[in-house]
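Below is one structure, written out as structure tokens; the observations come after it.
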Amino acid sequence: MLDDMLDLQSSLAHRPTWQEIPAVKRALFDEPVPMEGIGPDAVYARFRSHILPYGNGNWHPRFFGWVQGQGTPLAMLAEMLAAGMNPHLAGFNQAPPLVERQVVGWLATLMGIPGAGGLLVTGGTAANTHALGVARFAAVRSRGGNVRDNGLQHWPDGPTTKPLVFYGSVETHGWARKAAEWLGLGDRAFRRAPVNADYQMDLAALRRMLEHDRAHGLDPFCVMGTAGTVNTGATDDLRAIAELCRDESLWFHVDGAFGALAALAPSVRAQVAGLEQADSIAFDLHKWGAMPFECACVLVRDETVNHETFRATATYLAETRRGVSAGGVYFADRGLDLTRGFKALKVWMQLQADGVAKLGRIIEQNVRQAHQFAEAVTAHPSLELLAPAPLNIVCFRYHAPALDEAGLNVLNEELLLRLQERGIAVPSSTRIGGRLALRLAHVNHRTTDEDMALVLSAVVEIGDELVAEQRDARS
Ligand SMILES: *Cc1c(COP(=O)(O)O)cnc(C)c1O
């Protein structure tokens with residue numbers, strides 16, 4: 001198994017980026033409950049033939065879809081060590097939580113909030129939702145309430161409170177809607193501010209919304225800035241949002257799912273300036289941090305308020321003065337999960353083995369490759385850049401002068417599917433002002449400059465081919 005996985009990781013460039021699962025192979029996944037065993041060899045053979053070749057391709061050097069990281073061989077082995085040792089990361093008096101506390105401490109220092117509290121969670125959605133939950137707890141407490149006892153319900157003996165609302169731009173990732181629903185705030189509480197031509201939150205509009213909402217009986221408690229929006233890689237003016245939040249006594253949260261990692265890269269860091277003033281930051285390590293899924297981090301500047309949001313007392317988890325329960329369940333008291341795995345080991349090993357500076361250089365390489373790609377798109381007569389590309393995301397399309405907007409959308413979608421189905425490369429798509437954009441989200445440490453050039457020429461080739469097909473169909 002180890003040989004196969006290591007061979008795989010060193011032969012990726014020769015494999016298709018993605019391939020469809022043949023119907024005959026899908027049948028395996030309809031087999032009934034295995035009451036009798038077939039043994040490890042037989043089941044591993046099934047893994048090799050029916051599962052391994054049919055991933056979504058994110059390990060490959062020409063994968064740029066959504067925002068999915070690649071993983072590394074060392075982190076893969078660290079996952080094996082973590083699963084082999086299998087410690088329980090609620091806390092306890094053992095070495096693994098010391099590893100997680102050290103990793104979180106390093107990350108807090110790198111983000112410019114040394115001493116912040118935090119923990120590793122499954123992903124950016126979980127990390128952001130966690131942070132918004134802490135902000136909600138702090139907001140209710142500062143208004144004399146207790147969200148842990150009362151929730152956001154109106155009890156007959158309770159005070160009547162105004163609806164709590166929070167703000168982000170229209171470019172905020174979809175987690176925010178889920179979180180608003182899940183935290184009992186409701187989607188109505190998520191107020192979406194418009195963006196400027198660079199897809200950054202329009203702060204004058206935000207101020208007007210705050211004033212308007214307060215005048216209409218709403219109670220603003222938090223503004224979220226995004227470092228690296230999912231559509232275009234734009235970063236809100238985090239310094240200005242920090243100042244506004246200080247002026248207005250609002251919690252300042254940053255969704256830095258991938259963009260926060262730009263803080264590790266000296267030549268890109270300025271784009272996310274202001275990050276270090278956040279009350280909370282959420283970011284993934286399984287996107288631009290090259291960690292295998294799942295791995296993200298949430299940092300809360302005020303460690304006490306994070307602790308107070310989640311602290312629980314259960315007799316069966318009581319802290320003892322000595323022994324295995326000395327120190328209690330540190331992480332279970334600071335997050336939602338009780339039983340937690342040893343995600344921290346892969347981060348701890350990878351960061352030490354490579355050094356953070358190397359990760360910074362990879363991030364710089366990705367940004368350079370994305371910028372060069374965007375320039376090549378702009379320079380090419382058949383290609384069109386659909387949004388500014390400040391960081392690592394490029395939104396573009398093939399442009400045929402004879403086609404209207406609807407025709408271009410159809411053509412570019414077909415182009416995308418052929419690119420994927422031929423195993424050449426995997427970009428994904430989005431809509432920019434109604435236009436279907438091919439979207440490269442580049443967090444791939446395996447991509448060479450030749451890979452980037454190959455994607456560009458393949459897009460042009462397939463676009464030309466589609467135009468020729470349409471011409472033939474007409475004549
Ligand atoms: C990916 C992403 C998320 C969600 O993170 P997951 O790890 O996929 O849960 C949130 N915000 C932004 C900006 C993202 O790019």
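Labels used: A, B, ... for chains in the order of the structure tokens, numbers from 1 for residues in each chain, and numbers from 1 for ligands as shown.
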Exercise. With only C-alpha atoms and all ligand atoms counted, collect every polymer residue having an atom within 8 Å of ligand 1; state the result as number ranges by chain.
Key: A: 66-68, 122-128, 172-175, 226-230, 255-259, 283-284, 286-287, 294-296
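Note that DSSP on the backbone gives strand (DSSP E) to these residues of region 66-166 of chain A: Gly117, Gly118, Leu119, Leu120, Val121, Leu164, Val165 and Phe166 of chain A.
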Print the selection's residues with N, CA, C and O atoms to a file, as a PDB file, in the first residue's frame.
ATOM      1  N   GLY A 117      -6.203  32.173  21.007  1.00  0.00           N
ATOM      2  CA  GLY A 117      -6.642  30.803  21.246  1.00  0.00           C
ATOM      3  C   GLY A 117      -7.098  30.200  19.933  1.00  0.00           C
ATOM      4  O   GLY A 117      -7.259  30.915  18.932  1.00  0.00           O
ATOM      5  N   GLY A 118      -7.292  28.892  19.936  1.00  0.00           N
ATOM      6  CA  GLY A 118      -7.805  28.287  18.713  1.00  0.00           C
ATOM      7  C   GLY A 118      -7.602  26.796  18.704  1.00  0.00           C
ATOM      8  O   GLY A 118      -7.107  26.217  19.670  1.00  0.00           O
ATOM      9  N   LEU A 119      -7.989  26.214  17.611  1.00  0.00           N
ATOM     10  CA  LEU A 119      -7.845  24.763  17.454  1.00  0.00           C
ATOM     11  C   LEU A 119      -7.987  24.396  15.980  1.00  0.00           C
ATOM     12  O   LEU A 119      -8.378  25.236  15.162  1.00  0.00           O
ATOM     13  N   LEU A 120      -7.646  23.154  15.692  1.00  0.00           N
ATOM     14  CA  LEU A 120      -7.822  22.663  14.329  1.00  0.00           C
ATOM     15  C   LEU A 120      -9.210  22.040  14.207  1.00  0.00           C
ATOM     16  O   LEU A 120      -9.692  21.383  15.133  1.00  0.00           O
ATOM     17  N   VAL A 121      -9.832  22.278  13.071  1.00  0.00           N
ATOM     18  CA  VAL A 121     -11.160  21.718  12.802  1.00  0.00           C
ATOM     19  C   VAL A 121     -11.151  21.121  11.394  1.00  0.00           C
ATOM     20  O   VAL A 121     -10.121  21.108  10.732  1.00  0.00           O
ATOM     21  N   LEU A 164     -30.120  40.154  16.101  1.00  0.00           N
ATOM     22  CA  LEU A 164     -28.694  40.347  15.851  1.00  0.00           C
ATOM     23  C   LEU A 164     -28.424  40.142  14.361  1.00  0.00           C
ATOM     24  O   LEU A 164     -28.918  39.181  13.770  1.00  0.00           O
ATOM     25  N   VAL A 165     -27.631  41.032  13.784  1.00  0.00           N
ATOM     26  CA  VAL A 165     -27.314  40.899  12.354  1.00  0.00           C
ATOM     27  C   VAL A 165     -25.809  41.059  12.144  1.00  0.00           C
ATOM     28  O   VAL A 165     -25.126  41.716  12.930  1.00  0.00           O
ATOM     29  N   PHE A 166     -25.309  40.429  11.091  1.00  0.00           N
ATOM     30  CA  PHE A 166     -23.882  40.546  10.765  1.00  0.00           C
ATOM     31  C   PHE A 166     -23.710  40.811   9.276  1.00  0.00           C
ATOM     32  O   PHE A 166     -24.634  40.622   8.486  1.00  0.00           O
TER      33      PHE A 166
END
Quiz prompt | Residue list (helix (DSSP H, G or I), DSSP) for region 145-262 of chain A, as a PyMOL selection string | solution = chain A and resi 147-150+175-182+187-189+203-215+238-248+259-262
Exercise. Please identify all polymer residues within 9 Å of region 200-204 of chain A, counting only C-alpha atoms, omitting same-chain residues fewer than 3 positions from it, and present them as JSON, numbers by chain.
Key: {"A": [168, 169, 170, 171, 193, 194, 195, 196, 197, 207, 208, 209, 225, 226, 229, 234, 235, 236, 237, 240, 241, 244]}
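CA of Ala353 (chain A) lies 23.7 Å from CA of Ile113 (chain A).
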Quiz item: Using only C-alpha atoms, which residues sit within 12 Å of region 339-342 of chain A once same-chain residues fewer than 6 positions away are excluded, as a ChimeraX atom specification?
Solution: /A:75,78-92,94-101,103,119-122,294-295,317,329-333,348-349
Just-selected residues, N, CA, C and O atoms written as a short mmCIF file (atom, residue, chain, number, x, y, z; two decimals), in the first residue's frame:
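Output file result_24.cif is given in full below:
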data_model
loop_
_atom_site.label_atom_id
_atom_site.label_comp_id
_atom_site.auth_asym_id
_atom_site.auth_seq_id
_atom_site.Cartn_x
_atom_site.Cartn_y
_atom_site.Cartn_z
N ALA A 75 2.91 14.34 4.69
CA ALA A 75 1.68 14.49 5.46
C ALA A 75 0.83 13.22 5.37
O ALA A 75 0.15 12.84 6.32
N ALA A 78 2.28 11.01 7.85
CA ALA A 78 1.90 11.51 9.18
C ALA A 78 0.48 11.07 9.53
O ALA A 78 0.19 10.75 10.69
N GLU A 79 -0.39 11.03 8.52
CA GLU A 79 -1.76 10.56 8.75
C GLU A 79 -1.75 9.09 9.19
O GLU A 79 -2.54 8.68 10.04
N MET A 80 -0.82 8.33 8.60
CA MET A 80 -0.70 6.92 9.00
C MET A 80 -0.23 6.82 10.45
O MET A 80 -0.77 6.05 11.25
N LEU A 81 0.75 7.64 10.80
CA LEU A 81 1.25 7.62 12.18
C LEU A 81 0.13 8.03 13.15
O LEU A 81 -0.04 7.42 14.21
N ALA A 82 -0.62 9.05 12.75
CA ALA A 82 -1.70 9.55 13.61
C ALA A 82 -2.76 8.47 13.81
O ALA A 82 -3.24 8.25 14.92
N ALA A 83 -3.09 7.77 12.72
CA ALA A 83 -4.12 6.74 12.83
C ALA A 83 -3.58 5.51 13.56
O ALA A 83 -4.32 4.84 14.28
N GLY A 84 -2.29 5.23 13.38
CA GLY A 84 -1.70 4.09 14.07
C GLY A 84 -1.66 4.32 15.57
O GLY A 84 -2.01 3.44 16.36
N MET A 85 -1.26 5.52 15.96
CA MET A 85 -1.20 5.86 17.38
C MET A 85 -2.62 6.08 17.92
O MET A 85 -2.93 5.71 19.05
N ASN A 86 -3.44 6.71 17.08
CA ASN A 86 -4.87 6.92 17.36
C ASN A 86 -5.17 7.55 18.72
O ASN A 86 -6.02 7.07 19.46
N PRO A 87 -4.52 8.65 19.06
CA PRO A 87 -4.82 9.30 20.34
C PRO A 87 -6.14 10.06 20.26
O PRO A 87 -6.61 10.42 19.18
N HIS A 88 -6.72 10.31 21.42
CA HIS A 88 -8.02 11.01 21.52
C HIS A 88 -7.73 12.46 21.87
O HIS A 88 -7.23 12.77 22.94
N LEU A 89 -8.05 13.36 20.92
CA LEU A 89 -7.62 14.75 21.06
C LEU A 89 -8.67 15.66 21.71
O LEU A 89 -8.66 16.87 21.47
N ALA A 90 -9.57 15.08 22.53
CA ALA A 90 -10.37 15.98 23.37
C ALA A 90 -9.41 16.78 24.24
O ALA A 90 -9.66 17.95 24.55
N GLY A 91 -8.32 16.13 24.62
CA GLY A 91 -7.34 16.75 25.50
C GLY A 91 -6.53 15.66 26.17
O GLY A 91 -5.90 14.87 25.48
N PHE A 92 -6.59 15.59 27.50
CA PHE A 92 -5.89 14.59 28.31
C PHE A 92 -4.40 14.92 28.45
O PHE A 92 -3.85 15.73 27.72
N GLN A 94 -1.24 14.01 27.71
CA GLN A 94 -0.48 13.22 26.73
C GLN A 94 0.19 14.19 25.77
O GLN A 94 -0.14 15.38 25.74
N ALA A 95 1.10 13.69 24.95
CA ALA A 95 1.86 14.57 24.06
C ALA A 95 1.04 15.15 22.90
O ALA A 95 1.23 16.32 22.54
N PRO A 96 0.13 14.39 22.27
CA PRO A 96 -0.53 14.93 21.08
C PRO A 96 -1.21 16.31 21.26
O PRO A 96 -1.05 17.17 20.38
N PRO A 97 -1.93 16.58 22.38
CA PRO A 97 -2.50 17.94 22.50
C PRO A 97 -1.43 19.02 22.62
O PRO A 97 -1.68 20.18 22.24
N LEU A 98 -0.24 18.64 23.11
CA LEU A 98 0.84 19.63 23.15
C LEU A 98 1.26 19.97 21.73
O LEU A 98 1.60 21.11 21.41
N VAL A 99 1.21 18.96 20.85
CA VAL A 99 1.52 19.20 19.43
C VAL A 99 0.51 20.17 18.84
O VAL A 99 0.87 21.14 18.17
N GLU A 100 -0.78 19.92 19.11
CA GLU A 100 -1.81 20.80 18.54
C GLU A 100 -1.69 22.22 19.10
O GLU A 100 -1.82 23.20 18.37
N ARG A 101 -1.42 22.33 20.41
CA ARG A 101 -1.28 23.67 20.99
C ARG A 101 -0.08 24.39 20.39
O ARG A 101 -0.13 25.59 20.13
N VAL A 103 1.19 23.86 17.32
CA VAL A 103 0.85 24.19 15.93
C VAL A 103 -0.06 25.43 15.90
O VAL A 103 0.17 26.36 15.12
N LEU A 119 -7.99 26.21 17.61
CA LEU A 119 -7.84 24.76 17.45
C LEU A 119 -7.99 24.40 15.98
O LEU A 119 -8.38 25.24 15.16
N LEU A 120 -7.65 23.15 15.69
CA LEU A 120 -7.82 22.66 14.33
C LEU A 120 -9.21 22.04 14.21
O LEU A 120 -9.69 21.38 15.13
N VAL A 121 -9.83 22.28 13.07
CA VAL A 121 -11.16 21.72 12.80
C VAL A 121 -11.15 21.12 11.39
O VAL A 121 -10.12 21.11 10.73
N THR A 122 -12.33 20.65 10.96
CA THR A 122 -12.36 19.91 9.70
C THR A 122 -12.10 20.77 8.47
O THR A 122 -11.41 20.34 7.55
N GLU A 294 -8.76 16.22 6.28
CA GLU A 294 -9.31 17.56 6.48
C GLU A 294 -8.42 18.31 7.44
O GLU A 294 -7.91 17.70 8.37
N CYS A 295 -8.33 19.61 7.25
CA CYS A 295 -7.51 20.38 8.18
C CYS A 295 -7.72 21.88 7.99
O CYS A 295 -7.45 22.43 6.92
N LEU A 317 -16.04 13.53 32.56
CA LEU A 317 -14.86 14.13 31.94
C LEU A 317 -14.07 14.97 32.94
O LEU A 317 -13.21 15.75 32.57
N VAL A 329 -10.07 18.25 29.46
CA VAL A 329 -10.29 18.08 28.02
C VAL A 329 -10.15 19.46 27.35
O VAL A 329 -11.13 20.10 26.98
N TYR A 330 -8.92 19.90 27.23
CA TYR A 330 -8.59 21.26 26.78
C TYR A 330 -9.30 21.63 25.48
O TYR A 330 -9.92 22.68 25.39
N PHE A 331 -9.21 20.77 24.48
CA PHE A 331 -9.79 21.14 23.18
C PHE A 331 -11.30 20.94 23.13
O PHE A 331 -12.01 21.72 22.50
N ALA A 332 -11.80 19.91 23.81
CA ALA A 332 -13.26 19.72 23.84
C ALA A 332 -13.93 20.93 24.50
O ALA A 332 -15.07 21.27 24.18
N ASP A 333 -13.21 21.59 25.42
CA ASP A 333 -13.75 22.78 26.09
C ASP A 333 -13.59 24.05 25.25
O ASP A 333 -13.95 25.14 25.70
N TRP A 348 2.41 19.65 12.03
CA TRP A 348 3.62 19.76 12.84
C TRP A 348 4.82 19.19 12.09
O TRP A 348 5.88 19.79 12.04
N MET A 349 4.63 18.03 11.47
CA MET A 349 5.74 17.39 10.76
C MET A 349 6.09 18.14 9.47
O MET A 349 7.25 18.39 9.19
#
Quiz item: Contacts of Thr232 (chain A) at 10 Å or less, counting only C-alpha atoms, minus same-chain residues fewer than 2 places along, as a ChimeraX atom specification?
Solution: /A:171,198-200,228-230,234-235,386-395,430,432,439-441
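Distance-wise, CA of Leu411 (chain A) and CA of Gly65 (chain A) end up 18.6 Å apart.
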Quiz item: Which of these residues is nearest to Gly71 (chain A), using only C-alpha atoms: A:Pro266, A:Gly151, A:Pro292, A:Gly184?
Solution: A:Pro292
Exercise. Can you work out the spacing between CA of Leu264 (chain A) and CA of Phe293 (chain A) in Å, to one decimal?
Key: 20.3 Å
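Among the candidates A:Arg141, A:His253, A:His60, A:Arg397, the one nearest to Thr378 (chain A) when counting only C-alpha atoms is A:Arg397.
Using only C-alpha atoms, the residues found no farther than 6 Å from region 272-274 of chain A, other than those of its own chain fewer than 3 positions away, are Leu238, Arg239, Arg269 and Gln277 of chain A.
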